[in-house]
Amino acid sequence: MPRALAVDHVRERWRMGPEARALTLVMVLVLVFGLAVLYSASAIMAEQENHNSWFYAARQLGGVVAGAVVFALAAKLDAERLSEWAWPLMWFTIVSLLLVLVLPESIAPRVNGSKRFLFGTSIQPSEFGKLGVIVWTSMLIVKKGDQLRRLTKGVLPFFIVIGVLDVLAALEPDLSVSMLYTLLLALLLFAGGVRIAHVVILGALAIPVLWSKVERLQYALLRIIGFLDPGQAAAQVNYQLRQSLIAVGSGGALGVGFGQGRQQYGFLPFPYSDFIASNIGEEWGFLGLAAVTLAFAAYALLGFRIARKARSPFLQLVAVGLTFVTVLTAYLHIGVVVGLLPTTGLTLPFVSYGRSNIILSMLMTGILVNIGSEKERVIGSGATDPMTLRA
Amino acid sequence: MTRSRRIGVIHLVLAVFVVALLVKTAHVQFWQRKTLAASGAHQQSTSRTIPAARGEIRDARGVMLAQSREMVRLDVAPREVRELNRLRHALLRAGIPSDVALRATDTARRWVSLPGAHLAIDVAPVSAMRGVYTTPLVERSYSMSPGTRRIVGRVDHDGRGQDGVELALDSLLRGTPGVATVMKDAQGRRFDSPAAAAHPPVSGNTVVLTINQELQDIAERALADAVARMGAEGGDVVVLDPADGDILAMASQREDPASLAATALTEPYEPGSTLKPFIAATLLEKGRARETDVVSTFGGKLTINGRTFTDEHKADHFTLADVIRFSSNVGIVQFAERLSPREEFEALRDFGFGSPTGVPYPVEAAGTLREPARWSRQSGNSLAVGYEIAVTPLQLAAAYVALANGGELLEPALVKEVRAPDGRVLYSHSRQVVRRVVSPAVARRVRTMLLGVVEAGGTAKRADLESYSLAGKTGTARRTQHGRYAPSQYIPTFVGLFPGDNPQFVILVKLDNPRGAYMGGLTAAPVTKAVLEAALASRDASLNRRSLAASRHDPVRDTAASRSVANLAARRDSLTVPQREALRLAADAAAEDSAGMTPFVALLPSSPPMKALPLPPRVVPDVRGLPMRQAIHALHAAGFRVTLDSGVSGETKPAAGASIAAGAVVHLLARP
């Protein structure tokens, strides 16, 4: 689509739909709350590292500002053009994942036993890979059309390409990412109308991969049983989860108060990222944690509504993928923190510390907002296009 | 549309997830809240023991004998210090050596512990600075008199009583340490939190001894002087108040510098002739003899039951009074034959020999007094002259107290009063009568005999004072070493009752192996005289001046002592301070005839006498993390009583590591 008609007093602009506006509001609320939480969760840590107490919060704010620019650009960019970028995005993902594996540790350092990052810990290719997987899969599903209902010509190519990504991620090793990619693929295929039987067959093929995670699945089952029947709760609780539960449990209904939490005094592992929801639970109580959970539920509701109303099947699938990946990450993070799920290193979108992460989350929300917007034509004196002015 | 429905399915799955999350969150934050919060508090806080100030020990007049001062130990973390130069100057101003101050401000070091303890007030500007850490500690300081320290004892570097009263009354002196809750992080670094609970420490009680510091010093000096002059190996002086059994002074000296005990109640010895008056008193009490009864003394030598007794003062006949006056062994052995072994044993036992006096001192010797069943044929005779029996100087003095006060054996008292930090009197000594041993009349008759000892011709005329009558008895016993009598080694003893007619002091002086003249009358008696003269000269030596003035015998009119004005005038040059004092006192007594010279006596409800030695303090074991059953068991096993309290689970009050008296109550905090 043409970006802007170069007619002086007629221009097209994106008008956000009510869902897109509400989604932006939800994002802003979570971001603001997230900055406050991050300050409290990271202040002690920052001081111990001889920084100011607001060191991490300030850097995060920088990330939010950059994210806001990215968000605005994404919201004003026709998301349909993403389908043209699907293959480049996919190639970029594959190459960057390869680079992580191939490059020496001076550029791609090994952190906690796995090579996931480039240039220190600033870029995590597998994170941007999520966007690549969503866009590429959606593009191909739409392109395949009715062929999707066939196994070899329809479904198999997806699994070959995503399988390559999975193997690369698994080599880092980061099995969680492999699982997430596969899950996203399955989700989009399901939403795209693939036969249920195919999903079941391919799901059965995935069992060997899942086998390595059987312990964790068993754990999750035990936790669920234990929580349905507290008297039988016998699952072994590891140190990190124990500290998280102490934090969340101490919070009670209304929390111990902002900045009053004790668990960030070195007890909670990564209180500013992987366990930031523990801090919400401790300082803001059930009220805060439920509010955050419900904010992401609202994000899901709005995201899926945007998907249903999307301009094209491609955008519909992209919207489902983007909504799902953000909301699922948040739920998994909270699930870990309250002991519902085994401990994984998932961050809470918009809240956990990490600038590239926050920029990515805001970029994805921006795309969602664009999908939730419609193009309208403005004629007359108000039709000054800021884009052309800048150019 | 199928795609829209499939999106609905995905949304539904996520919605179910949300419900599961909310339920689980509620479960953790409502149902498990208490246990989780408790384990949080457990790992986030720890309790710190705040030491309690140890109680003071004072003498009967309030003179400080032992007190605790709060000191601090300083540690510096140079890298945390903001203004190194300011800290260095502050350290120098506080009197820290410059090399130490330099080291403490050297950022190449992480942690510098400053040597020694400092008065908190001296280093206050230093301890207020960032990077300076203080550890409070309590230092015990004592009065200078080494003799008092044998009684008072010492504490170790943890402030626990090691010996003496410090140990015996440790549980009273120690106080209850306080507990402060300190927050800590995962690395165990501690930081104070104003919100944390704290229990302030309770200071120890003040113990007031019956000892009169001034009289104690007089006794110390007189003893030291005598030991040096006579080349003795040591000696003991005990001064008791016969009215209520108070130990007014208890001085000891030994050659062994490691000897720090109050040997007057730890080292028994054979008292020799000082035991004779008790045989005489028993005979009078039982009506078996009178002062005027005469026995033949065979020129001072008698062999009876295979043992030969000799007298220093050789005569053919002695009355009972003369037997005491001249300390005739031959005479007393024959008089003692009038008592059955059982009677003789019981009499000596009733005077308190063979059993501890019950003074609150960590160790006290009971002495030896054997049952008649274990006697040999000679035992009855030996006992009569003070052998085959071992007594401590304190026991012997306490037995003389019975003769001095009209026949009642009193429990000697070392502690006059125990006061709580807020001034409440917890214990006040009142006269504790063990038993009546002889009637007042018999006691008086024995005292009259003892007056003869000190008069001209008696064995202790060297103890005679010019203005006051002194009753007493000498004794010179052979010294045992390693279970046998050492050749030509003696222990002379003199027990004096002053003044003789209405005694205010019972003074026992005992010397170990003086060289040269060894007889009690020549060695120990003059020490008694020196003590009394100094006590009379002193303003403050527990003497009741008014009643003393009444019993002063006027040198001019005193014909019984064969004194004359001329005699006194001839000696005027050497008129001693006590004599002048006595004259002044007589005037005072006349002036204040009806006024307040009589000490005001307030009778307080008497507490049971503190006889049992307190068990040594114990350390509260660390029961954190133990199940409650085991925790209680561990605390019981450590010798504490346990009460359950609500609080941070597993913590105790006092905190683990605190040293408190055995049998004290420990509060075990359980889950609320």
# chains A, B, ... in the order shown; residues from 1 in each chain; ligands from 1
>>> interface_residues(of="chain A", to="chain B", cutoff="8 Å", atoms="only C-alpha atoms", output="JSON, numbers by chain")
{"A": [187, 190, 191, 192, 193, 227, 245, 246, 247, 248, 249, 250, 251, 252, 253, 262, 263, 265, 266, 267, 285, 286, 289, 290, 293, 294, 297, 300, 301, 304, 308, 320, 328, 331, 334, 335, 338, 339, 340]}
>>> residues_around(residues="Ile196 of chain A", least_positions_apart="2", cutoff="12 Å", atoms="only C-alpha atoms", output="PyMOL selection string")
(chain A and resi 148-151+155+186-187+189-194+198-203) or (chain B and resi 6)
>>> residues_around(residues="Ala670 of chain B", least_positions_apart="2", cutoff="12 Å", atoms="only C-alpha atoms", output="PyMOL selection string")
chain B and resi 35+38-39+42+623-629+631-632+642-653+667-668+672
>>> select_by_dssp(residues="segment 370-419 of chain B", states="helix (DSSP H, G or I)", output="ChimeraX atom specification")
/B:372-374,379-384,393-404
>>> closest_residue(among="B:Gln504, B:Ser340, B:Gln334, B:Ser141", to="Tyr400 of chain B", atoms="only C-alpha atoms")
B:Gln504
>>> residues_around(residues="Leu89 of chain A", least_positions_apart="6", cutoff="10 Å", atoms="only C-alpha atoms", output="list in words")
Leu82, Ser83, Val95, Phe128, Gly129, Leu131, Gly132, Val133, Val135 and Trp136 of chain A
>>> write_last_selection(atoms="N, CA, C and O atoms", output="PDB file, in the first residue's frame")
ATOM      1  N   LEU A  82       4.182  -6.204   6.811  1.00  0.00           N
ATOM      2  CA  LEU A  82       5.010  -7.202   7.494  1.00  0.00           C
ATOM      3  C   LEU A  82       5.108  -8.494   6.688  1.00  0.00           C
ATOM      4  O   LEU A  82       6.119  -9.193   6.748  1.00  0.00           O
ATOM      5  N   SER A  83       4.028  -8.767   5.921  1.00  0.00           N
ATOM      6  CA  SER A  83       4.049 -10.031   5.186  1.00  0.00           C
ATOM      7  C   SER A  83       5.159 -10.018   4.138  1.00  0.00           C
ATOM      8  O   SER A  83       5.735 -11.043   3.812  1.00  0.00           O
ATOM      9  N   VAL A  95      19.878 -16.510  11.064  1.00  0.00           N
ATOM     10  CA  VAL A  95      21.287 -16.105  11.045  1.00  0.00           C
ATOM     11  C   VAL A  95      21.736 -15.657  12.435  1.00  0.00           C
ATOM     12  O   VAL A  95      22.805 -16.031  12.916  1.00  0.00           O
ATOM     13  N   PHE A 128      13.692 -11.717  19.659  1.00  0.00           N
ATOM     14  CA  PHE A 128      13.184 -11.155  18.402  1.00  0.00           C
ATOM     15  C   PHE A 128      12.699 -12.258  17.472  1.00  0.00           C
ATOM     16  O   PHE A 128      11.864 -12.030  16.602  1.00  0.00           O
ATOM     17  N   GLY A 129      13.219 -13.477  17.691  1.00  0.00           N
ATOM     18  CA  GLY A 129      12.759 -14.631  16.928  1.00  0.00           C
ATOM     19  C   GLY A 129      11.268 -14.868  17.070  1.00  0.00           C
ATOM     20  O   GLY A 129      10.612 -15.357  16.140  1.00  0.00           O
ATOM     21  N   LEU A 131       8.909 -12.683  17.172  1.00  0.00           N
ATOM     22  CA  LEU A 131       8.225 -11.874  16.176  1.00  0.00           C
ATOM     23  C   LEU A 131       8.383 -12.503  14.788  1.00  0.00           C
ATOM     24  O   LEU A 131       7.410 -12.601  14.014  1.00  0.00           O
ATOM     25  N   GLY A 132       9.603 -12.991  14.504  1.00  0.00           N
ATOM     26  CA  GLY A 132       9.869 -13.638  13.224  1.00  0.00           C
ATOM     27  C   GLY A 132       8.970 -14.843  13.001  1.00  0.00           C
ATOM     28  O   GLY A 132       8.384 -15.023  11.929  1.00  0.00           O
ATOM     29  N   VAL A 133       8.866 -15.678  14.014  1.00  0.00           N
ATOM     30  CA  VAL A 133       8.046 -16.883  13.906  1.00  0.00           C
ATOM     31  C   VAL A 133       6.592 -16.520  13.649  1.00  0.00           C
ATOM     32  O   VAL A 133       5.934 -17.090  12.759  1.00  0.00           O
ATOM     33  N   VAL A 135       5.230 -13.701  12.431  1.00  0.00           N
ATOM     34  CA  VAL A 135       4.993 -13.056  11.123  1.00  0.00           C
ATOM     35  C   VAL A 135       5.155 -14.065   9.995  1.00  0.00           C
ATOM     36  O   VAL A 135       4.314 -14.183   9.099  1.00  0.00           O
ATOM     37  N   TRP A 136       6.250 -14.844  10.044  1.00  0.00           N
ATOM     38  CA  TRP A 136       6.529 -15.788   8.949  1.00  0.00           C
ATOM     39  C   TRP A 136       5.438 -16.850   8.890  1.00  0.00           C
ATOM     40  O   TRP A 136       4.915 -17.159   7.820  1.00  0.00           O
TER      41      TRP A 136
END
>>> select_by_dssp(residues="segment 55-122 of chain B", states="strand (DSSP E)", output="tab-separated table (two decimals) with all heavy atoms, in the first residue's frame")
chain	number	residue	atom	x	y	z
B	57	ILE	N	28.81	-4.55	93.62
B	57	ILE	CA	29.04	-5.13	94.94
B	57	ILE	C	29.58	-4.00	95.80
B	57	ILE	O	30.54	-3.32	95.43
B	57	ILE	CB	30.04	-6.31	94.88
B	57	ILE	CG1	29.49	-7.39	93.94
B	57	ILE	CG2	30.27	-6.87	96.26
B	57	ILE	CD1	30.43	-8.56	93.76
B	58	ARG	N	28.90	-3.78	96.92
B	58	ARG	CA	29.31	-2.69	97.80
B	58	ARG	C	29.59	-3.24	99.18
B	58	ARG	O	29.14	-4.33	99.52
B	58	ARG	CB	28.20	-1.64	97.89
B	58	ARG	CG	27.97	-0.88	96.61
B	58	ARG	CD	26.71	-0.06	96.72
B	58	ARG	NE	26.49	0.76	95.54
B	58	ARG	CZ	26.97	1.99	95.40
B	58	ARG	NH1	27.69	2.54	96.37
B	58	ARG	NH2	26.74	2.68	94.30
B	64	MET	N	32.02	1.20	97.04
B	64	MET	CA	31.99	0.35	95.86
B	64	MET	C	33.15	-0.64	95.88
B	64	MET	O	34.31	-0.27	96.01
B	64	MET	CB	32.10	1.24	94.63
B	64	MET	CG	31.82	0.54	93.35
B	64	MET	SD	30.07	0.18	93.19
B	64	MET	CE	29.43	1.83	92.88
B	65	LEU	N	32.82	-1.90	95.78
B	65	LEU	CA	33.86	-2.92	95.72
B	65	LEU	C	34.04	-3.45	94.31
B	65	LEU	O	35.14	-3.79	93.90
B	65	LEU	CB	33.52	-4.08	96.67
B	65	LEU	CG	33.39	-3.72	98.15
B	65	LEU	CD1	33.04	-4.96	98.95
B	65	LEU	CD2	34.66	-3.10	98.67
B	66	ALA	N	32.94	-3.55	93.58
B	66	ALA	CA	33.03	-4.02	92.20
B	66	ALA	C	31.91	-3.36	91.41
B	66	ALA	O	30.78	-3.27	91.89
B	66	ALA	CB	32.88	-5.53	92.13
B	67	GLN	N	32.23	-2.88	90.22
B	67	GLN	CA	31.19	-2.30	89.39
B	67	GLN	C	31.53	-2.52	87.93
B	67	GLN	O	32.68	-2.78	87.57
B	67	GLN	CB	31.02	-0.80	89.67
B	67	GLN	CG	32.22	0.03	89.28
B	67	GLN	CD	31.99	1.50	89.55
B	67	GLN	OE1	30.88	1.98	89.50
B	67	GLN	NE2	33.05	2.22	89.86
B	68	SER	N	30.49	-2.44	87.12
B	68	SER	CA	30.66	-2.68	85.69
B	68	SER	C	30.55	-1.38	84.93
B	68	SER	O	29.71	-0.55	85.25
B	68	SER	CB	29.61	-3.66	85.19
B	68	SER	OG	29.87	-4.92	85.73
B	69	ARG	N	31.41	-1.25	83.95
B	69	ARG	CA	31.32	-0.08	83.09
B	69	ARG	C	31.05	-0.55	81.67
B	69	ARG	O	31.59	-1.56	81.24
B	69	ARG	CB	32.62	0.72	83.13
B	69	ARG	CG	32.76	1.49	84.41
B	69	ARG	CD	33.99	2.33	84.38
B	69	ARG	NE	35.19	1.51	84.18
B	69	ARG	CZ	36.39	2.03	83.97
B	69	ARG	NH1	36.55	3.31	83.93
B	69	ARG	NH2	37.43	1.24	83.82
B	70	GLU	N	30.23	0.23	80.97
B	70	GLU	CA	29.91	-0.15	79.60
B	70	GLU	C	30.98	0.38	78.66
B	70	GLU	O	31.25	1.56	78.60
B	70	GLU	CB	28.53	0.39	79.21
B	70	GLU	CG	27.44	-0.42	79.86
B	70	GLU	CD	26.07	0.07	79.52
B	70	GLU	OE1	25.89	0.59	78.41
B	70	GLU	OE2	25.18	-0.09	80.36
B	71	MET	N	31.59	-0.55	77.98
B	71	MET	CA	32.66	-0.18	77.05
B	71	MET	C	32.22	-0.60	75.64
B	71	MET	O	31.24	-1.32	75.48
B	71	MET	CB	33.94	-0.93	77.41
B	71	MET	CG	34.30	-0.86	78.87
B	71	MET	SD	34.96	0.74	79.36
B	71	MET	CE	36.64	0.57	78.85
B	72	VAL	N	32.95	-0.15	74.66
B	72	VAL	CA	32.69	-0.60	73.29
B	72	VAL	C	34.00	-1.04	72.66
B	72	VAL	O	35.06	-0.51	72.96
B	72	VAL	CB	32.04	0.49	72.40
B	72	VAL	CG1	30.61	0.70	72.78
B	72	VAL	CG2	32.82	1.78	72.49
B	73	ARG	N	33.87	-2.03	71.81
B	73	ARG	CA	34.97	-2.41	70.94
B	73	ARG	C	34.67	-1.80	69.58
B	73	ARG	O	33.53	-1.76	69.16
B	73	ARG	CB	35.05	-3.93	70.82
B	73	ARG	CG	36.38	-4.48	71.29
B	73	ARG	CD	36.61	-5.87	70.82
B	73	ARG	NE	35.53	-6.78	71.14
B	73	ARG	CZ	35.50	-7.57	72.23
B	73	ARG	NH1	36.47	-7.50	73.10
B	73	ARG	NH2	34.53	-8.41	72.44
B	74	LEU	N	35.69	-1.33	68.91
B	74	LEU	CA	35.47	-0.64	67.64
B	74	LEU	C	36.03	-1.45	66.47
B	74	LEU	O	37.12	-2.01	66.58
B	74	LEU	CB	36.15	0.73	67.65
B	74	LEU	CG	35.57	1.79	68.58
B	74	LEU	CD1	36.39	3.06	68.49
B	74	LEU	CD2	34.12	2.08	68.23
B	75	ASP	N	35.27	-1.50	65.41
B	75	ASP	CA	35.75	-2.06	64.16
B	75	ASP	C	35.48	-1.03	63.07
B	75	ASP	O	34.48	-0.33	63.10
B	75	ASP	CB	34.99	-3.36	63.81
B	75	ASP	CG	35.27	-4.43	64.84
B	75	ASP	OD1	36.39	-4.93	64.85
B	75	ASP	OD2	34.36	-4.75	65.63
B	76	VAL	N	36.38	-0.94	62.13
B	76	VAL	CA	36.22	0.04	61.05
B	76	VAL	C	36.27	-0.70	59.71
B	76	VAL	O	37.12	-1.57	59.51
B	76	VAL	CB	37.33	1.11	61.11
B	76	VAL	CG1	37.15	2.10	59.97
B	76	VAL	CG2	37.31	1.82	62.44
B	112	VAL	N	39.06	-3.43	59.87
B	112	VAL	CA	40.11	-3.26	60.86
B	112	VAL	C	39.49	-3.27	62.24
B	112	VAL	O	38.57	-2.50	62.53
B	112	VAL	CB	40.87	-1.92	60.64
B	112	VAL	CG1	41.94	-1.76	61.70
B	112	VAL	CG2	41.46	-1.86	59.25
B	113	SER	N	39.95	-4.18	63.07
B	113	SER	CA	39.46	-4.23	64.46
B	113	SER	C	40.44	-3.45	65.33
B	113	SER	O	41.63	-3.74	65.34
B	113	SER	CB	39.39	-5.67	64.95
B	113	SER	OG	38.43	-6.37	64.21
B	118	HIS	N	36.95	0.64	74.76
B	118	HIS	CA	36.94	2.07	75.00
B	118	HIS	C	35.66	2.46	75.71
B	118	HIS	O	34.62	1.85	75.48
B	118	HIS	CB	37.04	2.83	73.68
B	118	HIS	CG	38.13	2.31	72.79
B	118	HIS	ND1	39.43	2.74	72.90
B	118	HIS	CD2	38.13	1.35	71.83
B	118	HIS	CE1	40.17	2.08	72.03
B	118	HIS	NE2	39.41	1.23	71.37
B	119	LEU	N	35.76	3.50	76.51
B	119	LEU	CA	34.55	4.02	77.15
B	119	LEU	C	33.65	4.58	76.05
B	119	LEU	O	34.12	5.34	75.19
B	119	LEU	CB	34.90	5.12	78.13
B	119	LEU	CG	35.10	4.69	79.58
B	119	LEU	CD1	35.55	5.87	80.42
B	119	LEU	CD2	33.82	4.10	80.14
>>> residues_around(residues="segment 173-184 of chain A", least_positions_apart="6", cutoff="8 Å", atoms="only C-alpha atoms", output="PyMOL selection string")
chain A and resi 114-116+126+130+133-134+162-163+165-167+321+325+344
>>> write_last_selection(atoms="C-alpha atoms", output="mmCIF file, in the first residue's frame")
data_model
loop_
_atom_site.group_PDB
_atom_site.id
_atom_site.type_symbol
_atom_site.label_atom_id
_atom_site.label_comp_id
_atom_site.auth_asym_id
_atom_site.auth_seq_id
_atom_site.Cartn_x
_atom_site.Cartn_y
_atom_site.Cartn_z
ATOM 1 C CA SER A 114 23.974 -21.128 27.826
ATOM 2 C CA LYS A 115 24.799 -18.852 24.907
ATOM 3 C CA ARG A 116 21.715 -16.719 24.348
ATOM 4 C CA SER A 126 15.618 -15.690 20.386
ATOM 5 C CA LYS A 130 9.289 -14.709 18.471
ATOM 6 C CA VAL A 133 8.046 -16.883 13.906
ATOM 7 C CA ILE A 134 4.676 -15.156 14.270
ATOM 8 C CA ILE A 162 10.501 -23.903 12.702
ATOM 9 C CA GLY A 163 12.281 -27.206 13.437
ATOM 10 C CA LEU A 165 14.886 -22.698 14.730
ATOM 11 C CA ASP A 166 14.051 -25.166 17.484
ATOM 12 C CA VAL A 167 17.296 -27.052 16.970
ATOM 13 C CA GLY A 321 0.208 -14.629 17.797
ATOM 14 C CA VAL A 325 2.935 -14.543 23.145
ATOM 15 C CA THR A 344 11.681 -20.917 34.312
#
>>> atom_distance(atom1="atom CA of Leu23 of chain A", atom2="atom CA of Ala74 of chain A")
14.1 Å
>>> residues_around(residues="Leu508 of chain B", least_positions_apart="5", cutoff="12 Å", atoms="only C-alpha atoms", output="ChimeraX atom specification")
/B:219,223,235-241,247-252,264,271,274,392-401,471-475,492-498,520,524-529,531-532
>>> residues_around(residues="segment 378-385 of chain B", least_positions_apart="4", cutoff="7 Å", atoms="only C-alpha atoms", output="list in words")
Gly272, Ser273, Leu275, Lys276, Ile279, Asn305, Asn329, Ile332, Val333, Ala336, Pro341 and Ile389 of chain B
>>> closest_residue(among="A:Ala22, A:Ala79, A:Leu268, A:Leu368", to="Tyr239 of chain A", atoms="only C-alpha atoms")
A:Leu268
>>> closest_residue(among="B:Arg445, B:Arg103, B:Arg93, B:Arg110", to="Arg290 of chain B", atoms="only C-alpha atoms")
B:Arg445
>>> decode(residues="segment 261-268 of chain A", atoms="all heavy atoms", output="tab-separated table (two decimals), in the first residue's frame")
chain	number	residue	atom	x	y	z
A	261	GLY	N	9.09	-4.29	51.16
A	261	GLY	CA	9.38	-5.71	50.98
A	261	GLY	C	10.77	-6.05	51.50
A	261	GLY	O	11.68	-5.22	51.48
A	262	ARG	N	10.90	-7.27	52.01
A	262	ARG	CA	12.17	-7.69	52.59
A	262	ARG	C	12.90	-8.69	51.72
A	262	ARG	O	14.08	-8.92	51.89
A	262	ARG	CB	11.91	-8.32	53.96
A	262	ARG	CG	11.48	-7.32	54.98
A	262	ARG	CD	12.63	-7.03	55.92
A	262	ARG	NE	12.38	-5.78	56.62
A	262	ARG	CZ	13.11	-4.70	56.47
A	262	ARG	NH1	14.12	-4.69	55.67
A	262	ARG	NH2	12.82	-3.61	57.15
A	263	GLN	N	12.13	-9.32	50.84
A	263	GLN	CA	12.71	-10.45	50.12
A	263	GLN	C	13.71	-10.01	49.05
A	263	GLN	O	14.49	-10.81	48.58
A	263	GLN	CB	11.60	-11.29	49.49
A	263	GLN	CG	10.88	-12.17	50.49
A	263	GLN	CD	11.79	-13.26	51.02
A	263	GLN	OE1	12.47	-13.09	52.01
A	263	GLN	NE2	11.82	-14.39	50.33
A	264	GLN	N	13.66	-8.74	48.67
A	264	GLN	CA	14.64	-8.32	47.67
A	264	GLN	C	16.00	-8.09	48.29
A	264	GLN	O	16.94	-7.74	47.60
A	264	GLN	CB	14.18	-7.06	46.91
A	264	GLN	CG	14.02	-5.83	47.75
A	264	GLN	CD	12.57	-5.63	48.12
A	264	GLN	OE1	11.84	-6.58	48.36
A	264	GLN	NE2	12.13	-4.38	48.14
A	265	TYR	N	16.12	-8.26	49.64
A	265	TYR	CA	17.42	-8.15	50.29
A	265	TYR	C	18.25	-9.42	50.04
A	265	TYR	O	18.71	-10.06	50.97
A	265	TYR	CB	17.27	-7.91	51.78
A	265	TYR	CG	16.90	-6.48	52.11
A	265	TYR	CD1	15.58	-6.07	52.09
A	265	TYR	CD2	17.88	-5.55	52.45
A	265	TYR	CE1	15.23	-4.76	52.37
A	265	TYR	CE2	17.54	-4.24	52.73
A	265	TYR	CZ	16.23	-3.85	52.70
A	265	TYR	OH	15.90	-2.56	52.98
A	266	GLY	N	18.35	-9.78	48.80
A	266	GLY	CA	19.21	-10.90	48.45
A	266	GLY	C	18.54	-12.25	48.56
A	266	GLY	O	19.14	-13.27	48.20
A	267	PHE	N	17.32	-12.32	49.05
A	267	PHE	CA	16.67	-13.62	49.19
A	267	PHE	C	16.09	-14.06	47.84
A	267	PHE	O	16.29	-15.17	47.41
A	267	PHE	CB	15.57	-13.56	50.24
A	267	PHE	CG	16.10	-13.30	51.62
A	267	PHE	CD1	15.97	-12.05	52.19
A	267	PHE	CD2	16.73	-14.30	52.34
A	267	PHE	CE1	16.47	-11.80	53.46
A	267	PHE	CE2	17.22	-14.05	53.60
A	267	PHE	CZ	17.10	-12.80	54.15
A	268	LEU	N	15.37	-13.14	47.20
A	268	LEU	CA	14.77	-13.46	45.91
A	268	LEU	C	15.85	-13.48	44.84
A	268	LEU	O	16.65	-12.56	44.75
A	268	LEU	CB	13.75	-12.39	45.53
A	268	LEU	CG	12.31	-12.62	45.90
A	268	LEU	CD1	11.50	-11.43	45.41
A	268	LEU	CD2	11.78	-13.89	45.29
